[in-house]
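**Q** Sending over protein_38.txt (compact mmCIF, C-alpha atoms and all ligand atoms).
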# COMPACT_ATOMS: atom_id res chain seq x y z
CA MET J 21 -41.99 -11.96 33.64
CA ASP J 22 -39.16 -9.82 34.97
CA PHE J 23 -36.38 -11.80 33.28
CA ASP J 24 -33.49 -9.75 34.65
CA GLY J 25 -34.99 -9.97 38.13
CA PHE J 26 -35.11 -13.73 37.76
CA PHE J 27 -31.49 -13.86 36.59
CA ARG J 28 -30.40 -11.64 39.50
CA ALA J 29 -32.15 -13.83 42.07
CA GLU J 30 -30.55 -16.98 40.67
CA LEU J 31 -27.11 -15.36 40.68
CA ASP J 32 -27.63 -14.04 44.23
CA GLN J 33 -28.31 -17.57 45.36
CA LEU J 34 -25.04 -18.73 43.77
CA ARG J 35 -23.26 -15.90 45.60
CA ASP J 36 -24.81 -16.87 48.93
CA GLU J 37 -23.57 -20.43 48.45
CA GLY J 38 -20.07 -19.21 47.58
CA ASN J 39 -20.44 -20.71 44.10
CA TYR J 40 -20.63 -17.55 41.99
CA ARG J 41 -17.83 -17.62 39.43
CA GLN J 42 -15.57 -14.63 39.23
CA PHE J 43 -12.96 -14.49 36.53
CA ALA J 44 -9.51 -13.07 37.15
CA ASP J 45 -8.70 -10.49 34.46
CA LEU J 46 -5.23 -11.62 33.41
CA GLU J 47 -2.79 -10.59 30.75
CA ARG J 48 -0.37 -13.35 29.92
CA GLN J 49 3.16 -12.15 29.27
CA ARG J 50 5.09 -13.47 26.34
CA GLY J 51 7.77 -15.90 27.48
CA ALA J 52 7.17 -15.11 31.16
CA PHE J 53 4.86 -17.98 32.20
CA PRO J 54 3.84 -18.57 35.04
CA ARG J 55 3.82 -14.81 35.55
CA ALA J 56 0.83 -12.79 34.31
CA LYS J 57 -0.44 -9.29 34.88
CA SER J 58 -3.61 -9.07 36.95
CA HIS J 59 -5.72 -6.19 35.69
CA ASP J 60 -7.92 -6.43 38.77
CA LEU J 61 -4.94 -5.68 41.01
CA ASN J 62 -2.67 -3.93 38.55
CA ARG J 63 0.26 -6.14 39.50
CA ASP J 64 2.09 -9.24 38.37
CA VAL J 65 0.87 -12.53 39.79
CA THR J 66 2.09 -16.13 39.66
CA VAL J 67 -0.40 -18.50 38.09
CA TRP J 68 -0.69 -21.85 39.87
CA CYS J 69 -3.85 -23.19 38.24
CA SER J 70 -3.18 -23.11 34.52
CA ASN J 71 -3.78 -26.07 32.24
CA ASP J 72 -0.90 -24.85 30.09
CA TYR J 73 0.79 -27.59 32.09
CA LEU J 74 4.21 -27.36 30.44
CA GLY J 75 4.24 -23.68 29.52
CA MET J 76 4.08 -24.60 25.81
CA GLY J 77 1.75 -21.64 25.26
CA GLN J 78 4.88 -19.48 25.53
CA HIS J 79 7.35 -21.81 23.85
CA PRO J 80 9.53 -20.06 21.22
CA LYS J 81 8.94 -22.81 18.63
CA VAL J 82 5.17 -22.53 19.03
CA LEU J 83 5.19 -18.74 18.85
CA ALA J 84 7.49 -18.77 15.82
CA ALA J 85 5.24 -21.24 14.00
CA MET J 86 2.19 -19.08 14.72
CA HIS J 87 3.92 -15.86 13.61
CA ASP J 88 5.12 -17.56 10.47
CA ALA J 89 1.65 -18.94 9.68
CA ILE J 90 0.06 -15.52 10.17
CA ASP J 91 2.65 -13.98 7.87
CA ARG J 92 2.00 -16.61 5.23
CA SER J 93 -1.73 -17.26 5.59
CA GLY J 94 -3.30 -14.34 7.50
CA ALA J 95 -5.87 -14.61 10.28
CA GLY J 96 -8.90 -16.86 9.85
CA ALA J 97 -9.45 -20.13 7.98
CA GLY J 98 -12.13 -18.46 5.87
CA GLY J 99 -14.75 -21.16 6.12
CA THR J 100 -15.94 -24.44 7.46
CA ARG J 101 -13.70 -27.43 6.76
CA ASN J 102 -16.02 -28.38 3.90
CA ILE J 103 -16.24 -24.95 2.30
CA SER J 104 -12.71 -23.58 1.81
CA GLY J 105 -11.58 -23.83 5.48
CA THR J 106 -9.32 -26.89 5.17
CA THR J 107 -5.87 -25.35 4.96
CA HIS J 108 -2.66 -27.28 4.60
CA ALA J 109 -1.89 -26.52 8.27
CA HIS J 110 -5.02 -28.51 9.26
CA VAL J 111 -4.04 -31.43 7.06
CA GLU J 112 -0.52 -31.50 8.49
CA LEU J 113 -1.75 -31.28 12.08
CA GLU J 114 -4.19 -34.16 11.59
CA ALA J 115 -1.36 -36.31 10.21
CA GLU J 116 0.82 -35.34 13.20
CA LEU J 117 -1.94 -36.32 15.65
CA ALA J 118 -2.71 -39.64 13.95
CA ASP J 119 1.00 -40.46 14.19
CA LEU J 120 1.15 -39.37 17.85
CA HIS J 121 -1.43 -41.99 18.77
CA GLY J 122 -0.40 -44.65 16.27
CA LYS J 123 -3.79 -44.38 14.56
CA GLU J 124 -4.67 -44.30 10.88
CA ALA J 125 -6.36 -40.91 11.05
CA ALA J 126 -7.25 -37.92 13.20
CA LEU J 127 -9.95 -35.28 13.00
CA LEU J 128 -9.72 -31.74 14.36
CA PHE J 129 -12.44 -29.82 16.18
CA THR J 130 -12.54 -26.28 17.52
CA SER J 131 -12.07 -27.49 21.10
CA GLY J 132 -11.78 -30.62 23.20
CA TYR J 133 -15.30 -29.94 24.41
CA VAL J 134 -16.65 -29.91 20.87
CA SER J 135 -14.70 -33.02 19.93
CA ASN J 136 -16.29 -35.03 22.76
CA TRP J 137 -19.74 -33.60 22.20
CA ALA J 138 -19.66 -34.09 18.44
CA ALA J 139 -17.79 -37.38 18.15
CA LEU J 140 -19.48 -39.23 21.03
CA GLY J 141 -22.84 -37.76 20.10
CA THR J 142 -22.49 -38.84 16.49
CA LEU J 143 -21.24 -42.34 17.21
CA ALA J 144 -23.91 -42.99 19.84
CA ALA J 145 -26.71 -41.57 17.70
CA ARG J 146 -25.76 -43.14 14.39
CA ILE J 147 -24.77 -46.67 15.39
CA PRO J 148 -28.17 -48.38 15.51
CA GLY J 149 -29.12 -49.47 19.04
CA CYS J 150 -25.80 -48.32 20.49
CA VAL J 151 -25.62 -48.32 24.30
CA VAL J 152 -23.05 -46.00 25.88
CA LEU J 153 -21.39 -47.10 29.10
CA SER J 154 -20.15 -43.91 30.71
CA ASP J 155 -17.88 -43.55 33.75
CA GLU J 156 -19.80 -41.58 36.41
CA LYS J 157 -17.07 -38.92 36.58
CA ASN J 158 -16.87 -38.22 32.86
CA HIS J 159 -16.46 -34.62 31.78
CA ALA J 160 -19.50 -32.47 30.95
CA SER J 161 -18.60 -32.51 27.25
CA MET J 162 -18.95 -36.30 27.13
CA ILE J 163 -22.15 -36.27 29.15
CA GLU J 164 -23.69 -33.63 26.89
CA GLY J 165 -22.64 -35.51 23.75
CA ILE J 166 -24.20 -38.73 25.00
CA ARG J 167 -27.36 -36.90 26.09
CA HIS J 168 -27.65 -35.20 22.75
CA SER J 169 -27.41 -38.57 20.96
CA ARG J 170 -30.49 -39.85 22.84
CA ALA J 171 -28.80 -43.26 22.91
CA GLN J 172 -29.34 -45.49 25.94
CA LYS J 173 -26.78 -44.59 28.61
CA VAL J 174 -25.53 -46.81 31.42
CA ILE J 175 -23.43 -45.11 34.08
CA TRP J 176 -20.80 -47.24 35.79
CA LYS J 177 -19.06 -46.52 39.06
CA HIS J 178 -15.95 -44.43 38.69
CA ASN J 179 -12.91 -46.53 37.64
CA ASP J 180 -14.71 -49.65 38.92
CA VAL J 181 -14.11 -52.50 36.45
CA ALA J 182 -16.28 -54.95 38.42
CA ASP J 183 -19.23 -52.59 38.10
CA LEU J 184 -18.47 -52.01 34.41
CA GLU J 185 -18.37 -55.76 33.84
CA ALA J 186 -21.69 -56.29 35.64
CA LYS J 187 -23.27 -53.59 33.48
CA LEU J 188 -21.81 -55.01 30.26
CA ALA J 189 -23.00 -58.50 31.19
CA ALA J 190 -26.54 -57.22 31.82
CA LEU J 191 -26.86 -55.91 28.24
CA PRO J 192 -27.93 -58.11 25.32
CA ALA J 193 -24.85 -59.80 23.84
CA ASN J 194 -25.49 -58.53 20.34
CA CYS J 195 -26.23 -54.84 21.03
CA PRO J 196 -23.47 -52.40 20.00
CA LYS J 197 -21.68 -51.00 23.04
CA LEU J 198 -19.39 -48.02 23.53
CA ILE J 199 -17.37 -47.55 26.74
CA ALA J 200 -16.56 -43.87 27.36
CA PHE J 201 -14.00 -42.86 29.97
CA GLU J 202 -11.01 -40.63 30.71
CA SER J 203 -7.39 -41.47 31.45
CA VAL J 204 -6.48 -38.70 33.94
CA TYR J 205 -9.55 -37.29 35.68
CA SER J 206 -9.25 -33.54 35.78
CA MET J 207 -10.42 -32.70 39.30
CA ASP J 208 -9.16 -35.72 41.31
CA GLY J 209 -6.12 -36.55 39.16
CA ASP J 210 -6.72 -40.30 39.39
CA ILE J 211 -6.08 -42.58 36.41
CA ALA J 212 -8.34 -45.18 34.81
CA PRO J 213 -7.38 -48.88 34.67
CA ILE J 214 -7.19 -48.71 30.88
CA ALA J 215 -5.84 -52.24 30.27
CA GLN J 216 -8.61 -53.85 32.31
CA ILE J 217 -11.26 -51.76 30.57
CA CYS J 218 -9.83 -52.81 27.19
CA ASP J 219 -9.95 -56.46 28.32
CA LEU J 220 -13.64 -56.07 29.13
CA ALA J 221 -14.25 -54.29 25.84
CA ASP J 222 -12.68 -57.23 24.00
CA ARG J 223 -14.68 -59.75 25.98
CA TYR J 224 -18.01 -57.97 25.38
CA GLY J 225 -17.28 -56.70 21.88
CA ALA J 226 -17.49 -53.03 22.90
CA MET J 227 -15.84 -49.97 21.37
CA THR J 228 -13.66 -47.85 23.66
CA TYR J 229 -13.59 -44.03 23.69
CA LEU J 230 -10.81 -42.57 25.86
CA ASP J 231 -10.56 -38.87 26.74
CA GLU J 232 -6.84 -38.14 27.21
CA VAL J 233 -7.30 -34.38 27.49
CA HIS J 234 -5.31 -34.16 30.74
CA ALA J 235 -2.62 -36.58 29.57
CA VAL J 236 -1.61 -35.80 26.00
CA GLY J 237 1.78 -34.12 25.82
CA LEU J 238 2.42 -35.10 29.44
CA TYR J 239 2.75 -38.89 29.53
CA GLY J 240 4.24 -41.51 27.25
CA PRO J 241 7.64 -41.43 25.52
CA ARG J 242 6.30 -39.14 22.77
CA GLY J 243 3.54 -37.40 24.74
CA GLY J 244 0.83 -39.71 23.40
CA GLY J 245 -0.80 -39.92 26.84
CA ILE J 246 -1.37 -42.68 29.38
CA ALA J 247 -2.41 -45.14 26.67
CA GLU J 248 0.93 -44.63 24.95
CA ARG J 249 2.82 -44.92 28.24
CA GLU J 250 1.11 -48.25 28.93
CA GLY J 251 1.47 -49.54 25.37
CA LEU J 252 -2.31 -49.59 24.89
CA SER J 253 -2.99 -47.05 22.14
CA HIS J 254 -3.72 -49.78 19.59
CA ARG J 255 -6.38 -51.30 21.84
CA LEU J 256 -8.52 -48.17 22.03
CA THR J 257 -11.07 -47.48 19.33
CA VAL J 258 -10.96 -43.69 19.79
CA ILE J 259 -8.46 -41.49 21.61
CA GLU J 260 -9.66 -37.95 22.15
CA GLY J 261 -7.40 -35.07 23.11
CA THR J 262 -7.05 -31.32 23.34
CA LEU J 263 -4.54 -28.89 21.92
CA GLY J 264 -5.45 -26.36 24.60
CA LYS J 265 -3.77 -27.79 27.69
CA ALA J 266 -0.29 -29.36 27.58
CA PHE J 267 0.09 -28.34 23.93
CA GLY J 268 -0.60 -24.74 24.95
CA VAL J 269 -2.82 -23.57 22.07
CA VAL J 270 -6.51 -24.44 21.46
CA GLY J 271 -8.54 -27.08 19.61
CA GLY J 272 -9.56 -30.69 20.07
CA TYR J 273 -9.32 -33.91 18.13
CA ILE J 274 -10.06 -37.59 17.88
CA ALA J 275 -7.60 -40.20 16.59
CA ALA J 276 -9.00 -43.50 15.30
CA SER J 277 -9.38 -45.66 12.19
CA THR J 278 -9.74 -44.06 8.79
CA GLU J 279 -13.34 -45.23 8.58
CA LEU J 280 -14.35 -43.93 12.02
CA CYS J 281 -12.82 -40.48 11.43
CA ASP J 282 -14.43 -40.30 8.00
CA PHE J 283 -17.77 -41.28 9.53
CA VAL J 284 -17.60 -38.54 12.19
CA ARG J 285 -16.31 -36.05 9.58
CA SER J 286 -19.31 -36.86 7.42
CA PHE J 287 -22.09 -36.87 10.03
CA ALA J 288 -21.09 -34.71 13.04
CA SER J 289 -22.82 -31.33 12.90
CA GLY J 290 -20.34 -29.97 15.47
CA PHE J 291 -17.60 -30.67 12.94
CA ILE J 292 -19.39 -29.77 9.73
CA PHE J 293 -21.25 -26.54 10.47
CA THR J 294 -18.59 -24.39 12.10
CA THR J 295 -15.63 -22.35 10.91
CA ALA J 296 -12.32 -24.21 10.99
CA LEU J 297 -9.59 -23.21 13.43
CA PRO J 298 -7.31 -20.45 12.11
CA PRO J 299 -4.29 -21.86 10.24
CA ALA J 300 -1.95 -20.15 12.73
CA ILE J 301 -3.57 -22.13 15.55
CA ALA J 302 -3.11 -25.38 13.63
CA ALA J 303 0.51 -24.49 12.85
CA GLY J 304 1.27 -23.56 16.48
CA ALA J 305 -0.34 -26.75 17.75
CA ALA J 306 1.58 -28.85 15.23
CA ALA J 307 4.86 -27.25 16.36
CA SER J 308 3.97 -28.04 19.97
CA VAL J 309 3.01 -31.66 19.24
CA ARG J 310 6.16 -32.13 17.14
CA HIS J 311 8.39 -30.66 19.85
CA LEU J 312 6.91 -32.79 22.63
CA LYS J 313 7.20 -35.92 20.50
CA GLN J 314 10.95 -35.64 20.50
CA SER J 315 11.64 -33.87 23.81
CA CYS J 316 11.13 -35.43 27.25
CA VAL J 317 12.78 -32.52 29.06
CA GLU J 318 9.51 -30.71 29.78
CA ARG J 319 7.71 -33.89 30.88
CA GLN J 320 10.49 -34.86 33.29
CA ALA J 321 10.83 -31.37 34.76
CA HIS J 322 7.04 -31.24 35.14
CA GLN J 323 6.89 -34.48 37.12
CA SER J 324 9.73 -33.47 39.40
CA ARG J 325 8.10 -30.09 40.17
CA VAL J 326 4.84 -31.88 40.97
CA ALA J 327 6.67 -34.24 43.36
CA GLN J 328 8.39 -31.28 45.00
CA VAL J 329 5.13 -29.42 45.66
CA ARG J 330 3.51 -32.58 47.03
CA GLN J 331 6.41 -33.13 49.45
CA ARG J 332 6.20 -29.55 50.65
CA LEU J 333 2.45 -29.85 51.24
CA ASP J 334 3.02 -33.07 53.18
CA ALA J 335 5.68 -31.36 55.28
CA ILE J 336 3.15 -28.79 56.53
CA GLY J 337 0.31 -31.31 56.75
CA LEU J 338 -1.99 -29.82 54.16
CA PRO J 339 -4.57 -32.37 52.97
CA HIS J 340 -4.34 -33.15 49.29
CA LEU J 341 -5.71 -36.04 47.30
CA GLU J 342 -3.13 -38.73 46.65
CA ASN J 343 -3.05 -39.62 42.98
CA PRO J 344 -0.53 -40.80 40.38
CA SER J 345 -0.81 -37.71 38.15
CA HIS J 346 0.28 -34.09 37.96
CA ILE J 347 -2.91 -32.62 39.42
CA ILE J 348 -2.72 -31.63 43.09
CA PRO J 349 -6.15 -31.09 44.64
CA VAL J 350 -5.67 -29.38 48.02
CA MET J 351 -8.87 -30.07 49.90
CA VAL J 352 -10.64 -27.21 51.68
CA GLY J 353 -14.11 -28.75 51.96
CA ASP J 354 -16.00 -25.48 52.32
CA PRO J 355 -17.01 -23.18 49.45
CA ILE J 356 -16.79 -19.91 51.39
CA LYS J 357 -13.35 -20.69 52.83
CA CYS J 358 -12.14 -21.98 49.48
CA LYS J 359 -13.12 -18.74 47.79
CA TYR J 360 -11.70 -16.69 50.68
CA ILE J 361 -8.31 -18.42 50.53
CA SER J 362 -8.19 -17.94 46.79
CA ASP J 363 -9.04 -14.22 47.14
CA ILE J 364 -6.40 -13.61 49.82
CA LEU J 365 -3.75 -15.61 47.94
CA LEU J 366 -4.28 -13.28 45.03
CA ARG J 367 -4.62 -10.01 46.92
CA ASP J 368 -1.89 -10.45 49.52
CA TYR J 369 0.55 -12.89 47.95
CA GLY J 370 0.18 -12.43 44.20
CA ILE J 371 -0.71 -16.11 43.83
CA TYR J 372 -3.54 -17.03 41.53
CA ILE J 373 -5.38 -20.32 42.23
CA GLN J 374 -9.01 -20.38 41.16
CA PRO J 375 -11.29 -22.00 43.79
CA ILE J 376 -13.00 -25.17 42.55
CA ASN J 377 -16.48 -25.36 44.00
CA TYR J 378 -19.80 -27.08 43.25
CA PRO J 379 -20.99 -28.01 40.61
CA THR J 380 -17.50 -28.67 39.18
CA VAL J 381 -16.85 -30.90 42.21
CA PRO J 382 -19.32 -32.39 44.75
CA LYS J 383 -20.36 -30.19 47.70
CA GLY J 384 -18.04 -30.69 50.67
CA THR J 385 -15.04 -31.41 48.43
CA GLU J 386 -14.27 -27.81 47.49
CA ARG J 387 -10.60 -27.50 46.67
CA LEU J 388 -7.67 -25.55 45.33
CA ARG J 389 -6.49 -27.38 42.24
CA ILE J 390 -2.77 -26.74 41.97
CA THR J 391 -0.98 -27.43 38.71
CA PRO J 392 2.79 -27.00 38.99
CA SER J 393 4.67 -26.52 35.75
CA PRO J 394 8.33 -26.98 34.80
CA VAL J 395 8.78 -23.21 34.89
CA HIS J 396 7.66 -22.61 38.48
CA SER J 397 10.84 -21.86 40.45
CA ASP J 398 11.96 -22.98 43.91
CA ALA J 399 11.23 -19.45 45.10
CA ASP J 400 7.68 -19.64 43.65
CA ILE J 401 7.13 -22.85 45.61
CA ASP J 402 8.43 -21.27 48.84
CA VAL J 403 6.00 -18.36 48.50
CA LEU J 404 3.11 -20.72 47.74
CA ILE J 405 3.76 -23.01 50.70
CA ASP J 406 4.24 -20.16 53.19
CA ALA J 407 1.04 -18.50 52.01
CA LEU J 408 -1.01 -21.69 52.21
CA GLU J 409 0.33 -22.47 55.66
CA ALA J 410 -0.63 -19.02 56.94
CA LEU J 411 -4.11 -19.13 55.42
CA TRP J 412 -4.76 -22.65 56.65
CA ALA J 413 -4.10 -21.45 60.18
CA GLN J 414 -6.17 -18.32 59.73
CA CYS J 415 -9.17 -20.31 58.44
CA GLU J 416 -8.73 -22.91 61.19
CA LEU J 417 -8.70 -25.72 58.66
CA ALA J 418 -7.73 -29.23 59.69
CA ARG J 419 -4.27 -30.55 58.95
CA GLN J 420 -3.07 -34.07 58.42
CA PRO J 421 -0.57 -35.55 60.82
CA LEU J 422 2.76 -34.04 59.86
CA ALA J 423 4.81 -36.25 57.58
CA ALA J 424 8.11 -37.54 59.01
CA GLN J 425 10.71 -34.86 58.30
N1 LIG J 501 -12.34 -33.37 28.57
C1 LIG J 501 -11.93 -33.11 29.81
C2 LIG J 501 -11.72 -34.26 30.74
C3 LIG J 501 -11.70 -31.81 30.23
O1 LIG J 501 -11.31 -31.55 31.49
C4 LIG J 501 -11.90 -30.73 29.32
C5 LIG J 501 -11.65 -29.27 29.68
N2 LIG J 501 -11.51 -28.92 30.94
C6 LIG J 501 -12.33 -31.05 28.04
C7 LIG J 501 -12.53 -32.37 27.69
C8 LIG J 501 -12.55 -29.97 27.04
O2 LIG J 501 -11.34 -29.61 26.45
P1 LIG J 501 -11.13 -28.14 25.86
O3 LIG J 501 -10.74 -27.27 27.00
O4 LIG J 501 -10.10 -28.29 24.82
O5 LIG J 501 -12.46 -27.73 25.29
In structure tokens, write the structure found in this file.

**A**
Amino acid sequence: MDFDGFFRAELDQLRDEGNYRQFADLERQRGAFPRAKSHDLNRDVTVWCSNDYLGMGQHPKVLAAMHDAIDRSGAGAGGTRNISGTTHAHVELEAELADLHGKEAALLFTSGYVSNWAALGTLAARIPGCVVLSDEKNHASMIEGIRHSRAQKVIWKHNDVADLEAKLAALPANCPKLIAFESVYSMDGDIAPIAQICDLADRYGAMTYLDEVHAVGLYGPRGGGIAEREGLSHRLTVIEGTLGKAFGVVGGYIAASTELCDFVRSFASGFIFTTALPPAIAAGAAASVRHLKQSCVERQAHQSRVAQVRQRLDAIGLPHLENPSHIIPVMVGDPIKCKYISDILLRDYGIYIQPINYPTVPKGTERLRITPSPVHSDADIDVLIDALEALWAQCELARQPLAAQ
């Protein structure tokens, strides 16, 4: 078989559909977020699609903690957690994360993806007869973890508690059940009815596994996520989060009971058989978590920037999904136009917004996912809105009725 020929043909098909992924070659600039240097264009651009939602990846406290940790401990962890790779920075960070969520313990992984894959996979595989009830819009990392476990999976309609209840009721009363869902959904920005899901979990004796990847650092008085904001952390069996988005570094974790964390620590291959995060990463993440526990300034500024961008989009009638979160999906509905707008924004306006096409989102719902941060300026917003307005007209895309001005 001509393997390369096969690969080329598959990739050509992606290109024809407008779904071929091209990466922007960016150089982030210390302390200058949301500005970055585009190596493709050899110019500075403004990033409008980063998941470094608060700019913590450039925060002086985070950078200082990382520099300090490198000076004290060097580069890598030197091993898996089991074999010499558990440094004091890891231990401290896990304590910080357990405290953030009001849980007894926390367990670090090399990414949020790995934490979902490993923790969900291990729980579902190792609890005898466990059935996983998974929201239909769960992230790929959860889906892959559940698949890998080979446990029975029941998919319930997105955020639909009536459907979840019907599916719980249809299962034998005594079989172990695990409800897996997210708080803020990354592509639509909608939020799960966590309290109602916890009520159902209580009624049917199910465990709850909540992915708060797009909420930790951003919501709740100490940045503990939507569950913290709604006073529900104690009702969730497992809260999973990332250190790579609002906390600005990299890594993932679960927070839960001592026994559950110890169980996953002891059985999850995705935890056991991989090199631990570098101590400098753990130290930087801990500084970020600590800062956002005691500072609401970034969270408040973030929310007000998001509101400002939404109002400006409404004022020019650009269709965006209404949701109660910080994610602004501007709907294009066509993969070729979505990619074109993204390309021209970058080339002509120095604005970087990656197009979000199938399979990340369903066909026909292609979008520009805009993520304002506290450090985008009024002038940045003006440039963004003018550019989008011009491109919308050029692409002959539909507008919503103009909002009252
Ligand atoms: N869960 C959700 C809902 C996500 O959107 C993502 C990443 N986009 C992850 C988990 C994985 O997190 P990480 O980027 O830290 O691997």

**Q** Would you mind listing the residues within 9 Å of ligand LIG 501 (chain J), counting all atoms listed in the file, as a PyMOL selection string?

**A** chain J and resi 71+130-136+158-162+201-207+231-234+260-265+270-273

**Q** When you draw a straight line from atom CA of Thr385 of chain J to atom CA of Val350 of chain J, how long is it in Å?

**A** 9.6 Å

**Q** Between atom CA of Val403 of chain J and atom CA of Tyr369 of chain J, what distance in Å does the model show, to one decimal?

**A** 7.7 Å

**Q** If you take every atom of segment 345-352 of chain J that the file lists and fit an axis-aligned box around them with 3 Å extra on each side, what centre and edge lengths come out in Å to one decimal, as AutoDock Vina command-line options?

**A**
--center_x -5.2 --center_y -32.5 --center_z 44.8 --size_x 16.9 --size_y 16.5 --size_z 19.7

**Q** Which of these, J:Gly384, J:Gly268, J:Gly94, J:Gly141, has the shortest distance to Tyr229 of chain J once you count all atoms listed in the file?

**A**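 Ranked by minimum distance to Tyr229 of chain J, first place goes to J:Gly141.
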
**Q** Which residues, protein or nucleic acid, reach to within 6 Å of (-13.3, -49.6, 26.0) in the file's coordinates when using all atoms listed in the file, and can you give that as a short mmCIF file (atom, residue, chain, number, x, y, z; two decimals) with C-alpha atoms, keeping the file's coordinate frame?

**A**
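Final file, part.cif:
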data_model
loop_
_atom_site.label_atom_id
_atom_site.label_comp_id
_atom_site.auth_asym_id
_atom_site.auth_seq_id
_atom_site.Cartn_x
_atom_site.Cartn_y
_atom_site.Cartn_z
CA ILE J 199 -17.37 -47.55 26.74
CA ILE J 217 -11.26 -51.76 30.57
CA CYS J 218 -9.83 -52.81 27.19
CA ALA J 221 -14.25 -54.29 25.84
CA MET J 227 -15.84 -49.97 21.37
CA THR J 228 -13.66 -47.85 23.66
#

**Q** Name the residues in contact with segment 182-189 of chain J at a cut-off of 7 Å, using all atoms listed in the file, excluding same-chain residues fewer than 3 positions from it; report them as a PyMOL selection string.

**A** chain J and resi 176-177+220+224

**Q** Excluding same-chain residues fewer than 6 positions from Lys313 of chain J, what lies within 9 Å of it counting only C-alpha atoms, as a PyMOL selection string?

**A** chain J and resi 120+237+241-244

**Q** Provide the atom CA of Ser308 of chain J to atom CA of Val82 of chain J distance in Å, to one decimal place.

**A**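 According to the coordinates, atom CA of Ser308 of chain J and atom CA of Val82 of chain J are separated by 5.7 Å.
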
**Q** Which residue is closest to Pro379 of chain J? Choose from J:Arg41, J:His168, J:His79, J:Arg48 and count all atoms listed in the file.

**A**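 Distance minimum relative to Pro379 of chain J lands on J:Arg41.
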
**Q** Using all atoms listed in the file, find the one residue out of J:Arg92, J:Arg419, J:Lys57, J:Arg101 that sits nearest to Phe291 of chain J.

**A**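 Nearest to Phe291 of chain J: J:Arg101.
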
**Q** Taking 3 positions as the minimum chain separation for residues in the same chain, which residues sit within 10 Å of Arg167 of chain J when counting all atoms listed in the file? Answer as a PDB file with C-alpha atoms, in the coordinates of the input.

**A**
ATOM      1  CA  TRP J 137     -19.740 -33.600  22.200  1.00  0.00           C
ATOM      2  CA  LEU J 140     -19.480 -39.230  21.030  1.00  0.00           C
ATOM      3  CA  GLY J 141     -22.840 -37.760  20.100  1.00  0.00           C
ATOM      4  CA  ALA J 144     -23.910 -42.990  19.840  1.00  0.00           C
ATOM      5  CA  ALA J 145     -26.710 -41.570  17.700  1.00  0.00           C
ATOM      6  CA  SER J 161     -18.600 -32.510  27.250  1.00  0.00           C
ATOM      7  CA  MET J 162     -18.950 -36.300  27.130  1.00  0.00           C
ATOM      8  CA  ILE J 163     -22.150 -36.270  29.150  1.00  0.00           C
ATOM      9  CA  GLU J 164     -23.690 -33.630  26.890  1.00  0.00           C
ATOM     10  CA  ARG J 170     -30.490 -39.850  22.840  1.00  0.00           C
ATOM     11  CA  ALA J 171     -28.800 -43.260  22.910  1.00  0.00           C
ATOM     12  CA  GLN J 172     -29.340 -45.490  25.940  1.00  0.00           C
ATOM     13  CA  LYS J 173     -26.780 -44.590  28.610  1.00  0.00           C
TER      14      LYS J 173
END

**Q** Skip segment 321-323 of chain J itself and residues of its chain fewer than 4 positions away, then list as a list in words all residues within 7 Å of it, counting only C-alpha atoms.

**A**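 What passes the distance filter is Leu74, Val317, Ala327, His346, Ser393 and Pro394 of chain J.
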
**Q** Just the residues within 12 Å of Glu250 of chain J, please, counting only C-alpha atoms, with nothing from its chain fewer than 2 positions along; format it as a list in words.

**A**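 Counting only C-alpha atoms, the residues come to Ser203, Ile211, Ala212, Pro213, Ile214, Ala215, Gln216, Cys218, Tyr239, Gly240, Pro241, Gly243, Gly244, Gly245, Ile246, Ala247, Glu248, Leu252, Ser253, His254, Arg255 and Leu256 of chain J.
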
**Q** With distances taken over only C-alpha atoms, which of J:Ser397, J:Ser104, J:Gln78, J:Gln414 is nearest to Phe267 of chain J?

**A** J:Gln78

**Q** Using only C-alpha atoms for the distances, tell me which of J:Gln420, J:Thr380, J:Asn102, J:Thr142 is nearest to Leu338 of chain J.

**A**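 Counting only C-alpha atoms, the residue closest to Leu338 of chain J is J:Gln420.
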
**Q** Point out the residue among J:Thr100, J:Asn179, J:Gln328, J:Asn194 with the least atom-to-atom distance to Cys150 of chain J, counting all atoms listed in the file.

**A** J:Asn194
